[in-house]
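File shown: upload06.cif. Contents: mmCIF, C-alpha atoms.
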data_my_file
loop_
_atom_site.label_atom_id
_atom_site.label_comp_id
_atom_site.auth_asym_id
_atom_site.auth_seq_id
_atom_site.Cartn_x
_atom_site.Cartn_y
_atom_site.Cartn_z
CA MET A 1 -41.38 121.61 131.25
CA LYS A 2 -42.80 118.89 129.08
CA ILE A 3 -43.63 116.07 131.45
CA LYS A 4 -44.32 113.72 128.58
CA ASP A 5 -40.86 114.17 127.13
CA ILE A 6 -39.19 113.47 130.43
CA ALA A 7 -41.36 110.39 130.79
CA SER A 8 -40.21 109.10 127.41
CA VAL A 9 -36.56 109.79 128.18
CA SER A 10 -36.90 108.12 131.55
CA LYS A 11 -38.31 105.10 129.80
CA GLN A 12 -35.51 105.11 127.28
CA LEU A 13 -32.92 105.26 130.06
CA GLY A 14 -34.62 102.70 132.22
CA VAL A 15 -34.75 105.06 135.19
CA SER A 16 -37.71 106.69 136.88
CA ARG A 17 -38.66 110.29 136.07
CA ARG A 18 -37.70 111.21 139.60
CA GLU A 19 -34.27 109.55 139.19
CA PHE A 20 -33.70 111.39 135.94
CA LEU A 21 -34.59 114.82 137.35
CA LYS A 22 -32.50 114.09 140.43
CA TYR A 23 -29.58 113.18 138.21
CA CYS A 24 -29.84 116.43 136.23
CA SER A 25 -30.06 118.44 139.45
CA ILE A 26 -26.97 116.73 140.85
CA VAL A 27 -25.06 117.52 137.67
CA ALA A 28 -26.20 121.16 137.89
CA ALA A 29 -25.27 121.38 141.56
CA GLY A 30 -21.87 119.83 140.85
CA MET A 31 -21.18 122.68 138.44
CA GLY A 32 -22.34 125.28 140.97
CA LEU A 33 -25.24 126.34 138.76
CA PRO A 34 -28.20 128.20 140.24
CA LEU A 35 -31.40 126.53 141.36
CA GLY A 36 -33.50 125.48 138.40
CA ALA A 37 -30.54 124.76 136.13
CA GLY A 38 -31.16 121.06 136.65
CA GLU A 39 -34.59 121.45 135.10
CA GLN A 40 -33.08 123.40 132.23
CA ILE A 41 -30.64 120.59 131.62
CA ALA A 42 -33.42 118.00 131.78
CA GLU A 43 -35.44 120.04 129.30
CA ALA A 44 -32.54 120.57 126.91
CA VAL A 45 -31.75 116.89 126.94
CA THR A 46 -35.34 115.77 126.41
CA SER A 47 -36.42 118.37 123.89
CA ALA A 48 -33.40 118.17 121.60
CA ALA A 49 -34.46 117.33 118.05
CA ARG A 50 -31.72 114.72 117.91
CA ARG A 51 -28.91 113.53 120.08
CA PRO A 52 -25.77 115.65 119.79
CA PRO A 53 -23.27 113.82 117.59
CA VAL A 54 -19.96 112.95 119.19
CA ILE A 55 -16.84 111.63 117.52
CA TRP A 56 -14.32 110.12 119.87
CA LEU A 57 -10.73 109.89 118.68
CA SER A 58 -8.19 107.77 120.49
CA ALA A 59 -4.48 108.37 120.22
CA GLN A 60 -1.79 107.30 122.71
CA GLU A 61 -4.25 106.11 125.27
CA CYS A 62 -4.84 103.14 127.53
CA THR A 63 -8.65 103.26 127.24
CA GLY A 64 -8.80 104.08 130.95
CA CYS A 65 -10.75 107.25 130.17
CA SER A 66 -13.40 105.29 128.28
CA GLU A 67 -13.46 102.71 131.04
CA SER A 68 -14.03 105.45 133.56
CA LEU A 69 -17.14 106.45 131.61
CA LEU A 70 -18.45 102.98 131.00
CA ARG A 71 -18.07 101.41 134.39
CA ALA A 72 -20.78 98.83 134.70
CA THR A 73 -21.57 99.87 138.26
CA HIS A 74 -22.89 103.13 136.95
CA PRO A 75 -25.78 102.13 134.72
CA THR A 76 -27.42 105.56 134.69
CA PHE A 77 -24.34 107.10 133.30
CA GLU A 78 -23.80 104.33 130.80
CA HIS A 79 -27.30 104.86 129.46
CA LEU A 80 -26.85 108.60 129.33
CA ILE A 81 -23.62 108.44 127.38
CA LEU A 82 -24.94 105.83 125.00
CA ASP A 83 -28.53 106.98 124.64
CA LEU A 84 -28.40 110.75 125.03
CA ILE A 85 -25.52 111.50 122.74
CA SER A 86 -24.98 109.93 119.37
CA LEU A 87 -21.56 108.32 119.64
CA ASP A 88 -20.76 108.03 115.93
CA TYR A 89 -17.17 106.86 116.22
CA HIS A 90 -15.23 105.28 119.05
CA GLU A 91 -12.60 102.68 118.27
CA THR A 92 -13.17 100.57 121.35
CA LEU A 93 -16.98 100.68 121.21
CA SER A 94 -17.56 100.68 117.48
CA THR A 95 -19.26 97.58 116.04
CA PRO A 96 -17.72 97.76 112.56
CA SER A 97 -13.96 97.50 112.11
CA GLY A 98 -11.54 98.76 109.48
CA HIS A 99 -12.87 100.73 106.54
CA GLN A 100 -16.47 100.46 107.76
CA ALA A 101 -15.60 102.22 111.01
CA GLU A 102 -13.66 104.86 109.10
CA ALA A 103 -16.62 105.33 106.73
CA ALA A 104 -18.93 105.95 109.71
CA ARG A 105 -16.56 108.63 110.96
CA ALA A 106 -16.31 110.30 107.55
CA ALA A 107 -20.11 110.19 107.11
CA SER A 108 -20.74 111.76 110.52
CA ILE A 109 -18.19 114.51 109.93
CA LYS A 110 -19.83 115.30 106.58
CA ALA A 111 -23.39 115.24 107.93
CA ASN A 112 -22.64 117.19 111.12
CA LYS A 113 -20.04 119.63 109.90
CA GLY A 114 -19.51 122.38 112.45
CA GLU A 115 -22.02 120.78 114.84
CA PHE A 116 -20.44 117.71 116.37
CA ILE A 117 -18.39 117.50 119.55
CA LEU A 118 -14.95 115.98 119.18
CA VAL A 119 -13.62 114.06 122.17
CA VAL A 120 -9.97 113.07 122.20
CA ASP A 121 -8.36 110.68 124.64
CA GLY A 122 -4.67 109.94 124.54
CA ALA A 123 -1.71 112.15 123.75
CA ILE A 124 -0.72 112.94 120.18
CA PRO A 125 2.86 111.96 119.30
CA VAL A 126 4.56 114.56 117.16
CA LYS A 127 8.11 113.17 116.99
CA ASP A 128 9.16 111.72 113.61
CA ASN A 129 6.06 113.23 111.97
CA GLY A 130 3.70 111.42 114.33
CA ILE A 131 4.41 107.84 113.21
CA TYR A 132 4.03 106.50 116.77
CA CYS A 133 0.27 106.43 116.49
CA MET A 134 -1.38 105.42 113.22
CA ILE A 135 -5.03 104.72 112.56
CA ALA A 136 -6.13 103.38 109.16
CA GLY A 137 -2.75 104.32 107.73
CA LYS A 138 -2.90 107.96 108.87
CA THR A 139 -1.12 109.55 111.79
CA ALA A 140 -3.20 110.60 114.79
CA LEU A 141 -1.66 114.04 114.31
CA ASP A 142 -3.13 114.41 110.81
CA ILE A 143 -6.50 112.96 111.82
CA LEU A 144 -6.75 115.39 114.76
CA LYS A 145 -5.86 118.41 112.67
CA GLU A 146 -8.36 117.63 109.93
CA THR A 147 -11.18 116.70 112.32
CA ALA A 148 -10.58 119.66 114.64
CA LYS A 149 -11.34 122.07 111.81
CA GLU A 150 -14.78 120.54 111.26
CA CYS A 151 -16.18 120.31 114.79
CA LYS A 152 -17.89 122.76 117.10
CA ALA A 153 -15.82 122.14 120.20
CA ILE A 154 -13.21 119.71 121.44
CA ILE A 155 -13.11 117.96 124.77
CA ALA A 156 -9.66 116.66 125.65
CA MET A 157 -10.52 113.76 127.94
CA GLY A 158 -7.83 112.78 130.41
CA SER A 159 -4.35 114.00 131.24
CA CYS A 160 -2.76 112.56 128.07
CA SER A 161 -4.87 114.60 125.65
CA SER A 162 -4.90 117.59 128.02
CA TRP A 163 -1.15 118.03 128.40
CA GLY A 164 0.64 114.83 127.44
CA GLY A 165 0.08 112.65 130.50
CA VAL A 166 1.90 109.32 130.92
CA PRO A 167 3.62 109.10 127.51
CA SER A 168 4.99 112.64 127.92
CA ALA A 169 6.94 111.61 131.03
CA ASP A 170 10.65 112.16 130.78
CA PRO A 171 12.28 111.43 128.32
CA ASN A 172 9.02 111.65 126.30
CA PRO A 173 10.19 109.08 123.73
CA THR A 174 7.49 109.88 121.15
CA GLY A 175 7.02 113.63 121.59
CA ALA A 176 3.60 113.05 123.20
CA THR A 177 1.73 116.36 123.25
CA GLY A 178 -1.66 117.64 124.41
CA VAL A 179 -4.43 118.55 121.96
CA GLN A 180 -4.57 122.22 122.89
CA LYS A 181 -0.88 122.81 122.21
CA ILE A 182 -1.04 121.05 118.84
CA LEU A 183 -4.03 123.11 117.72
CA THR A 184 -2.54 126.38 118.94
CA ASP A 185 0.70 125.64 117.10
CA ALA A 186 -1.25 124.74 113.96
CA GLY A 187 -3.35 127.91 114.20
CA ILE A 188 -6.65 126.03 114.55
CA LYS A 189 -9.02 128.07 116.70
CA THR A 190 -11.71 125.52 117.64
CA PRO A 191 -12.43 125.90 121.38
CA VAL A 192 -10.88 123.21 123.57
CA VAL A 193 -11.92 122.10 127.06
CA THR A 194 -9.48 119.93 128.95
CA ILE A 195 -10.68 117.40 131.52
CA PRO A 196 -7.38 116.17 132.97
CA GLY A 197 -7.20 113.24 135.35
CA CYS A 198 -5.85 109.74 135.05
CA PRO A 199 -8.60 108.84 134.58
CA PRO A 200 -10.83 111.88 135.06
CA ASN A 201 -14.01 111.63 137.04
CA PRO A 202 -16.80 110.76 134.60
CA TYR A 203 -19.04 113.44 136.12
CA ASN A 204 -16.62 116.18 135.13
CA PHE A 205 -16.86 115.04 131.54
CA LEU A 206 -20.61 114.52 131.53
CA SER A 207 -21.29 117.81 133.30
CA THR A 208 -19.29 119.63 130.63
CA VAL A 209 -21.21 117.90 127.84
CA LEU A 210 -24.58 118.59 129.44
CA TYR A 211 -23.65 122.22 130.08
CA PHE A 212 -22.74 122.56 126.44
CA VAL A 213 -25.94 120.86 125.27
CA THR A 214 -28.09 123.02 127.57
CA PHE A 215 -26.53 126.46 127.31
CA LYS A 216 -24.92 126.13 123.83
CA LYS A 217 -21.60 127.32 125.16
CA LEU A 218 -18.69 125.95 127.14
CA PRO A 219 -18.54 126.31 130.92
CA GLU A 220 -16.20 128.89 132.43
CA LEU A 221 -12.59 127.74 131.98
CA ASP A 222 -9.33 128.48 133.75
CA ASP A 223 -6.13 129.42 131.91
CA LEU A 224 -5.40 125.74 131.22
CA ALA A 225 -8.87 125.34 129.65
CA ARG A 226 -10.15 123.29 132.59
CA PRO A 227 -13.76 123.85 133.68
CA LYS A 228 -13.64 125.96 136.83
CA PHE A 229 -16.50 124.07 138.45
CA ALA A 230 -14.27 121.00 138.67
CA TYR A 231 -10.71 122.35 138.76
CA GLY A 232 -11.16 125.68 140.52
CA ARG A 233 -9.71 124.54 143.82
CA LEU A 234 -6.69 122.66 145.07
CA ILE A 235 -7.22 119.18 146.46
CA HIS A 236 -5.58 120.50 149.63
CA GLU A 237 -8.41 123.02 150.11
CA ASN A 238 -11.11 120.40 150.57
CA CYS A 239 -9.06 117.46 151.74
CA GLU A 240 -10.51 115.37 154.54
CA ARG A 241 -7.02 115.14 156.11
CA ARG A 242 -6.51 118.92 156.04
CA PRO A 243 -7.10 119.37 159.79
CA HIS A 244 -4.10 117.10 160.41
CA PHE A 245 -1.97 119.23 158.09
CA ASP A 246 -2.95 122.40 159.91
CA ALA A 247 -2.22 120.80 163.26
CA GLY A 248 1.15 119.49 162.10
CA ARG A 249 0.20 115.82 162.32
CA PHE A 250 1.87 113.84 159.53
CA ALA A 251 2.43 110.26 158.49
CA THR A 252 6.17 109.94 157.84
CA GLU A 253 6.31 106.38 156.61
CA PHE A 254 3.80 103.95 155.11
CA GLY A 255 2.39 101.86 157.92
CA ASP A 256 3.76 103.94 160.78
CA GLU A 257 1.45 104.76 163.65
CA ASN A 258 0.55 108.17 162.28
CA HIS A 259 -0.23 106.66 158.91
CA ARG A 260 -2.51 104.15 160.55
CA LYS A 261 -4.18 106.99 162.43
CA GLY A 262 -5.06 108.69 159.14
CA TYR A 263 -2.77 111.71 159.50
CA CYS A 264 -1.83 114.07 156.65
CA LEU A 265 0.15 112.50 153.80
CA TYR A 266 2.10 115.64 152.85
CA LYS A 267 5.42 114.27 154.07
CA LEU A 268 4.91 111.11 152.02
CA GLY A 269 4.81 113.28 148.91
CA CYS A 270 1.12 114.11 148.60
CA LYS A 271 0.66 116.57 145.72
CA GLY A 272 -2.72 117.79 146.97
CA PRO A 273 -1.29 121.24 147.81
CA GLU A 274 -0.37 121.89 144.16
CA THR A 275 -3.02 119.95 142.28
CA HIS A 276 -6.34 121.39 141.15
CA ALA A 277 -9.20 118.88 141.11
CA ASN A 278 -12.49 118.12 142.83
CA CYS A 279 -11.41 114.65 144.04
CA PRO A 280 -12.09 115.39 147.73
CA SER A 281 -15.67 116.42 146.88
CA ILE A 282 -16.77 113.86 144.31
CA LEU A 283 -13.91 111.39 144.78
CA PHE A 284 -11.38 110.23 142.23
CA GLY A 285 -12.97 108.09 139.53
CA ASP A 286 -16.37 108.28 141.22
CA THR A 287 -15.56 105.10 143.14
CA GLY A 288 -17.51 106.17 146.20
CA ALA A 289 -17.26 105.22 149.87
CA GLY A 290 -14.15 107.30 150.55
CA THR A 291 -11.97 105.19 148.28
CA TRP A 292 -10.10 107.98 146.60
CA PRO A 293 -6.29 107.74 146.90
CA VAL A 294 -5.96 109.97 149.97
CA GLY A 295 -8.92 108.17 151.55
CA THR A 296 -7.10 104.86 151.23
CA GLY A 297 -3.87 106.28 152.68
CA HIS A 298 -1.90 106.94 149.52
CA PRO A 299 -0.64 110.41 148.64
CA CYS A 300 -2.20 112.17 145.65
CA PHE A 301 0.33 112.13 142.82
CA GLY A 302 -1.11 115.11 140.98
CA CYS A 303 -2.49 113.43 137.85
CA THR A 304 -4.60 116.43 136.82
CA GLU A 305 -1.80 118.95 137.00
CA LYS A 306 0.63 119.58 134.17
CA GLY A 307 4.23 119.32 135.37
CA ILE A 308 3.24 117.45 138.55
CA GLY A 309 1.66 114.10 137.65
CA PHE A 310 4.17 111.75 135.97
CA HIS A 311 6.79 114.51 136.13
CA LYS A 312 7.51 115.30 139.74
CA PRO A 313 8.94 112.31 141.65
CA LEU A 314 6.24 110.41 143.50
CA PHE A 315 7.64 110.95 147.00
CA SER A 316 8.96 114.50 146.59
CA ARG A 317 7.17 117.05 148.69
CA ALA A 318 4.69 119.38 147.05
CA SER A 319 5.29 123.11 146.78
CA LEU A 320 2.95 124.94 149.10
CA HIS A 321 1.27 127.92 147.52
CA MET A 322 -1.28 128.95 150.06
CA VAL A 323 -0.15 128.32 153.61
CA THR A 324 2.94 128.40 155.74
CA PRO A 325 4.15 124.83 155.91
CA PRO A 326 3.99 123.26 159.33
CA ASP A 327 7.23 121.75 158.05
CA THR A 328 8.93 124.76 159.63
CA TYR A 329 7.78 123.63 163.07
CA PRO A 330 10.22 121.55 165.12
CA HIS A 331 10.21 117.96 163.95
CA VAL A 332 6.60 117.03 164.37
CA VAL A 333 6.76 113.56 165.80
CA GLU A 334 9.65 114.13 168.20
CA HIS A 335 8.04 117.34 169.32
CA GLN A 336 4.87 115.50 170.23
CA GLY A 337 6.74 112.71 171.98
CA LYS A 338 8.76 115.13 174.12
CA SER A 339 5.74 117.20 175.07
CA ALA A 340 3.93 114.08 176.11
CA LEU A 341 6.89 113.04 178.26
CA ALA A 342 7.14 116.41 179.96
CA GLY A 343 3.39 116.62 180.51
CA ILE A 344 3.08 113.16 181.95
CA ALA A 345 6.18 113.56 184.09
CA VAL A 346 4.93 116.81 185.66
CA ALA A 347 1.55 115.32 186.40
CA ALA A 348 3.13 112.23 187.86
CA ALA A 349 5.50 114.17 190.07
CA ALA A 350 2.65 116.33 191.33
CA ALA A 351 0.58 113.31 192.19
CA GLY A 352 3.59 111.52 193.66
CA ALA A 353 2.82 108.53 191.46
CA ALA A 354 5.26 105.93 190.18
CA TYR A 355 7.61 108.12 188.16
CA VAL A 356 9.64 105.22 186.79
CA ALA A 357 6.63 103.51 185.25
CA VAL A 358 5.52 106.73 183.57
CA ASP A 359 9.02 107.27 182.23
CA LYS A 360 8.84 103.84 180.64
CA VAL A 361 5.53 104.72 178.99
CA ALA A 362 6.94 108.00 177.76
CA LYS A 363 9.98 106.22 176.32
CA LYS A 364 7.68 103.84 174.53
CA LEU A 365 5.83 106.79 173.01
CA GLY A 366 9.17 108.10 171.85
CA ASP A 367 9.96 104.76 170.22
CA ASP A 368 6.73 104.85 168.25
CA ASP A 369 7.59 108.07 166.53
CA GLY A 370 8.62 106.30 163.32
CA LYS A 371 12.30 107.11 163.92
CA GLY A 372 12.77 104.77 166.82
CA LYS A 373 13.64 101.10 166.94
CA LYS A 374 11.46 98.76 164.91
CA MET B 375 -4.10 84.74 92.58
CA SER B 376 -3.98 86.04 96.12
CA LYS B 377 -5.84 89.02 97.46
CA ARG B 378 -4.64 91.21 100.28
CA ILE B 379 -7.08 92.46 102.91
CA VAL B 380 -6.26 95.17 105.44
CA ILE B 381 -8.37 95.69 108.55
CA ASP B 382 -7.33 98.84 110.41
CA PRO B 383 -8.46 99.78 113.01
CA ILE B 384 -9.61 96.60 114.72
CA THR B 385 -12.37 97.83 117.01
CA ARG B 386 -13.72 96.58 120.34
CA ILE B 387 -10.22 96.03 121.66
CA GLU B 388 -7.99 98.32 123.64
CA GLY B 389 -5.28 99.99 121.59
CA HIS B 390 -4.68 100.35 117.89
CA LEU B 391 -4.38 97.06 116.03
CA ARG B 392 -3.96 96.45 112.32
CA ILE B 393 -4.34 93.12 110.58
CA GLU B 394 -3.25 92.38 107.04
CA CYS B 395 -3.92 89.04 105.44
CA GLU B 396 -3.47 87.34 102.13
CA VAL B 397 -6.39 85.30 100.87
CA GLU B 398 -5.86 82.50 98.37
CA ASN B 399 -8.78 80.50 96.99
CA GLY B 400 -11.03 81.72 99.77
CA LYS B 401 -8.54 80.82 102.54
CA VAL B 402 -6.20 82.98 104.51
CA SER B 403 -2.68 81.94 103.51
CA LYS B 404 -0.63 84.55 105.36
CA ALA B 405 -1.48 87.08 108.06
CA TRP B 406 0.32 89.89 109.87
CA THR B 407 -0.73 91.82 112.94
CA SER B 408 0.83 95.03 114.11
CA GLY B 409 0.30 97.37 117.03
CA GLN B 410 -0.07 100.86 115.60
CA MET B 411 0.78 102.83 118.69
CA TRP B 412 3.91 103.06 120.78
CA ARG B 413 4.51 105.19 123.86
CA GLY B 414 7.92 103.92 124.89
CA ILE B 415 6.95 103.14 128.48
CA GLU B 416 9.98 100.79 128.57
CA ASN B 417 12.17 103.83 127.98
CA ILE B 418 10.22 106.01 130.39
CA VAL B 419 10.77 103.64 133.33
CA LYS B 420 14.45 103.07 132.58
CA GLY B 421 16.61 104.48 135.39
CA ARG B 422 13.59 105.61 137.39
CA ASP B 423 13.09 105.17 141.16
CA ALA B 424 11.65 101.65 141.38
CA ARG B 425 9.03 102.84 143.86
CA GLU B 426 7.25 104.93 141.25
CA VAL B 427 7.46 102.59 138.27
CA TRP B 428 4.01 101.14 139.01
CA LEU B 429 2.61 104.54 138.18
CA PHE B 430 3.63 104.09 134.55
CA THR B 431 3.38 100.35 133.98
CA GLN B 432 -0.09 100.30 135.49
CA ARG B 433 -1.19 102.63 132.70
CA ILE B 434 -0.06 100.43 129.82
CA CYS B 435 -3.68 99.30 129.61
CA GLY B 436 -6.64 100.84 131.41
CA VAL B 437 -9.19 98.15 130.58
#
Re-express the file's structure as structure tokens.
Amino acid sequence: MKIKDIASVSKQLGVSRREFLKYCSIVAAGMGLPLGAGEQIAEAVTSAARRPPVIWLSAQECTGCSESLLRATHPTFEHLILDLISLDYHETLSTPSGHQAEAARAASIKANKGEFILVVDGAIPVKDNGIYCMIAGKTALDILKETAKECKAIIAMGSCSSWGGVPSADPNPTGATGVQKILTDAGIKTPVVTIPGCPPNPYNFLSTVLYFVTFKKLPELDDLARPKFAYGRLIHENCERRPHFDAGRFATEFGDENHRKGYCLYKLGCKGPETHANCPSILFGDTGAGTWPVGTGHPCFGCTEKGIGFHKPLFSRASLHMVTPPDTYPHVVEHQGKSALAGIAVAAAAAGAAYVAVDKVAKKLGDDDGKGKK
Amino acid sequence: MSKRIVIDPITRIEGHLRIECEVENGKVSKAWTSGQMWRGIENIVKGRDAREVWLFTQRICGV
């Protein structure tokens, strides 16, 4: 590896050489790549003749996906996205406005035909010929179709561009549709990767870009075009509250004792058992310190999964695909309360202790089961 | 003699904004702004369980 090149990139990014190599290794590890892939990534990034051109189209979006990438608390990432790729067009980040911005896009498409990466955030409205999203007098639908033919690969960033997301929620007033479906229907065969999430974790996006830059191909994808390294497993599989699920310990109401104890959120409508994402491993939105939704005590609502997020009611129970639901056990909380009563009572009788007092304690336990008096 | 200027898209803001203005003798005499994107979140939340409306309204703007 060319040490000098890494040194110059490190300087450009304002991070130490060690930091930079560590970063590339973490990205490689996150994708489950073999040892040494981090160095390959570092080398590909540093030895590239020029930064890979990226055109970022925004349709029915809230800019949350861009925000996720540009969070100021993540300077390394910010530098990488701005200094290691050539972001030729991005409505929110572009310095020129109006026809100047459009000219930059046209120039980049012309100069990098067949080479640039197209990123799309936001759903594409198709109802009424796509008039619900217009940029420079053209519909987002037309812009997507013409740009998709010219690029090397497309990354659909976020749930909206992956499968419709928020605007596609019932009754889908504007016919909001994901990029992949539009291109398939139009017969455009440019490869698409979807990075669903609302917003997606920035590492899932960056890892995909770096994989593409390093190995000149897309990472392995599932049948919904999601990279398997990030969406290969259900949230339920790696959830930190999974032991509570398996033991039948559930929160049944926000703020009840079991909720305060950190029990499983399945009965509050957690969609972890039917949602594929790596949130338990790298945390939703890369916020750190355990502050992903489940970590803070709120059920996952399934934002990465088509037909779940924004479609299935928030507090409806998830379908369980992999395990027998402990839901079939006797009612969990009552069951525990009664066992405790019987256990304590037997012990008390055997010891000849004050039975009445114990009975009172047991009754109190029963009252705390979330169904009792408040 | 007035001249019409159209600026679309307006960048460095969230969303898709278009501005049209008429310029007379070097001064803007009339101006129009229009949002160029509509998702119908008002219609999406209509009739919905109030407890899950935050999920949608929160995503009007992600900035």
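Once stretch 391-396 of chain B and its same-chain neighbours fewer than 5 positions away are set aside, Gly98, Ile135 and Ala136 of chain A; Ser376, Lys377, Arg378, Ile379, Val380, Ile381, Asp382, Pro383, Ile384, Thr385, Lys401, Val402, Ser403, Lys404, Ala405, Trp406, Thr407, Ser408, Gly409, Gln410 and Met411 of chain B remain within 9 Å of it when counting all atoms listed in the file.
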Hey, which bits of chain B sit within 7 Å of chain A, and for each residue what's the closest pair of atoms and how far apart in Å (one decimal), counting only C-alpha atoms, rows by chain and increasing number, as a Markdown table?
| residue | atom | partner | partner_atom | distance |
| --- | --- | --- | --- | --- |
| B:Ile381 | CA | A:Gly98 | CA | 4.5 |
| B:Asp382 | CA | A:Gly98 | CA | 4.3 |
| B:Pro383 | CA | A:Gly98 | CA | 4.8 |
| B:Ile384 | CA | A:Ser97 | CA | 5.2 |
| B:Thr385 | CA | A:Glu91 | CA | 5.0 |
| B:Arg386 | CA | A:Thr92 | CA | 4.2 |
| B:Ile387 | CA | A:Thr92 | CA | 5.4 |
| B:Glu388 | CA | A:Thr92 | CA | 6.1 |
| B:Gly389 | CA | A:Cys62 | CA | 6.7 |
| B:His390 | CA | A:Ile135 | CA | 6.9 |
| B:Gln410 | CA | A:Met134 | CA | 5.3 |
| B:Met411 | CA | A:Cys133 | CA | 4.2 |
| B:Trp412 | CA | A:Tyr132 | CA | 5.3 |
| B:Arg413 | CA | A:Pro167 | CA | 5.4 |
| B:Gly414 | CA | A:Pro173 | CA | 5.8 |
| B:Ile415 | CA | A:Pro167 | CA | 6.9 |
| B:Ile418 | CA | A:Pro171 | CA | 6.2 |
| B:Glu426 | CA | A:Leu314 | CA | 6.0 |
| B:Phe430 | CA | A:Val166 | CA | 6.6 |
| B:Arg433 | CA | A:Cys62 | CA | 6.3 |
| B:Ile434 | CA | A:Cys62 | CA | 6.0 |
| B:Cys435 | CA | A:Cys62 | CA | 4.5 |
| B:Gly436 | CA | A:Gly64 | CA | 3.9 |
| B:Val437 | CA | A:Gly64 | CA | 6.0 |
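Against the coordinates shown, the PyMOL selection byres ((chain A and resi 53) around 9) returns Arg50, Arg51, Pro52, Val54, Ile55, Ile85, Ser86, Leu87, Asp88, Ser108, Asn112, Glu115, Phe116, Ile117 and Leu118 of chain A.
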Residues just named, written with C-alpha atoms as a CSV table (one decimal), in the coordinates of the input:
chain,number,residue,atom,x,y,z
A,50,ARG,CA,-31.7,114.7,117.9
A,51,ARG,CA,-28.9,113.5,120.1
A,52,PRO,CA,-25.8,115.6,119.8
A,54,VAL,CA,-20.0,113.0,119.2
A,55,ILE,CA,-16.8,111.6,117.5
A,85,ILE,CA,-25.5,111.5,122.7
A,86,SER,CA,-25.0,109.9,119.4
A,87,LEU,CA,-21.6,108.3,119.6
A,88,ASP,CA,-20.8,108.0,115.9
A,108,SER,CA,-20.7,111.8,110.5
A,112,ASN,CA,-22.6,117.2,111.1
A,115,GLU,CA,-22.0,120.8,114.8
A,116,PHE,CA,-20.4,117.7,116.4
A,117,ILE,CA,-18.4,117.5,119.6
A,118,LEU,CA,-15.0,116.0,119.2
Check: Expanded to explicit residues, what is the PyMOL selection byres ((chain A and resi 184-197) around 7) for this file, as number ranges by chain?
Finding: A: 148-149, 152-159, 162, 180-183, 198-200, 205, 225-226, 303-304
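Among the candidates A:Leu57, A:Leu320, A:Ile143, A:Ala42, the one nearest to A:Ser161 when counting only C-alpha atoms is A:Leu57.
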Checklist line | Sphere at (1.6, 101.1, 153.5), radius 12 Å, counting only C-alpha atoms: residues as a ChimeraX atom specification | finding: /A:251-260,262,265,268,296-299
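Between atom CA of A:Asn238 and atom CA of A:Leu206 the interatomic distance comes to 22.1 Å.
Atom CA of A:Gly165 lies 9.2 Å from atom CA of A:Glu305.
Taking atom CA of A:Phe212 and atom CA of A:Ala111 as the two end points, the separation is 19.9 Å.
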Next item on the list: Translate the PyMOL selection byres ((chain A and resi 249) around 7), as applied to the file shown, into an explicit residue set as a list in words.
Entry: His244, Phe245, Ala247, Gly248, Phe250, Tyr263, Cys264 and Val332 of chain A
A:Glu274 environment, 7 Å, all atoms listed in the file, sequence neighbours closer than 2 positions dropped, as a PDB file with C-alpha atoms, keeping the file's coordinate frame:
ATOM      1  CA  LEU A 234      -6.690 122.660 145.070  1.00  0.00           C
ATOM      2  CA  LYS A 271       0.660 116.570 145.720  1.00  0.00           C
ATOM      3  CA  GLY A 272      -2.720 117.790 146.970  1.00  0.00           C
ATOM      4  CA  HIS A 276      -6.340 121.390 141.150  1.00  0.00           C
ATOM      5  CA  ALA A 318       4.690 119.380 147.050  1.00  0.00           C
ATOM      6  CA  SER A 319       5.290 123.110 146.780  1.00  0.00           C
ATOM      7  CA  LEU A 320       2.950 124.940 149.100  1.00  0.00           C
TER       8      LEU A 320
END
Can you pull out the residues contacting A:Asn204? Cut-off 9 Å, using all atoms listed in the file, and skip same-chain residues under 6 positions away; I want them as a tab-separated table (two decimals) with C-alpha atoms, in the frame of the given file.
chain	number	residue	atom	x	y	z
A	27	VAL	CA	-25.06	117.52	137.67
A	30	GLY	CA	-21.87	119.83	140.85
A	31	MET	CA	-21.18	122.68	138.44
A	195	ILE	CA	-10.68	117.40	131.52
A	227	PRO	CA	-13.76	123.85	133.68
A	229	PHE	CA	-16.50	124.07	138.45
A	230	ALA	CA	-14.27	121.00	138.67
A	278	ASN	CA	-12.49	118.12	142.83
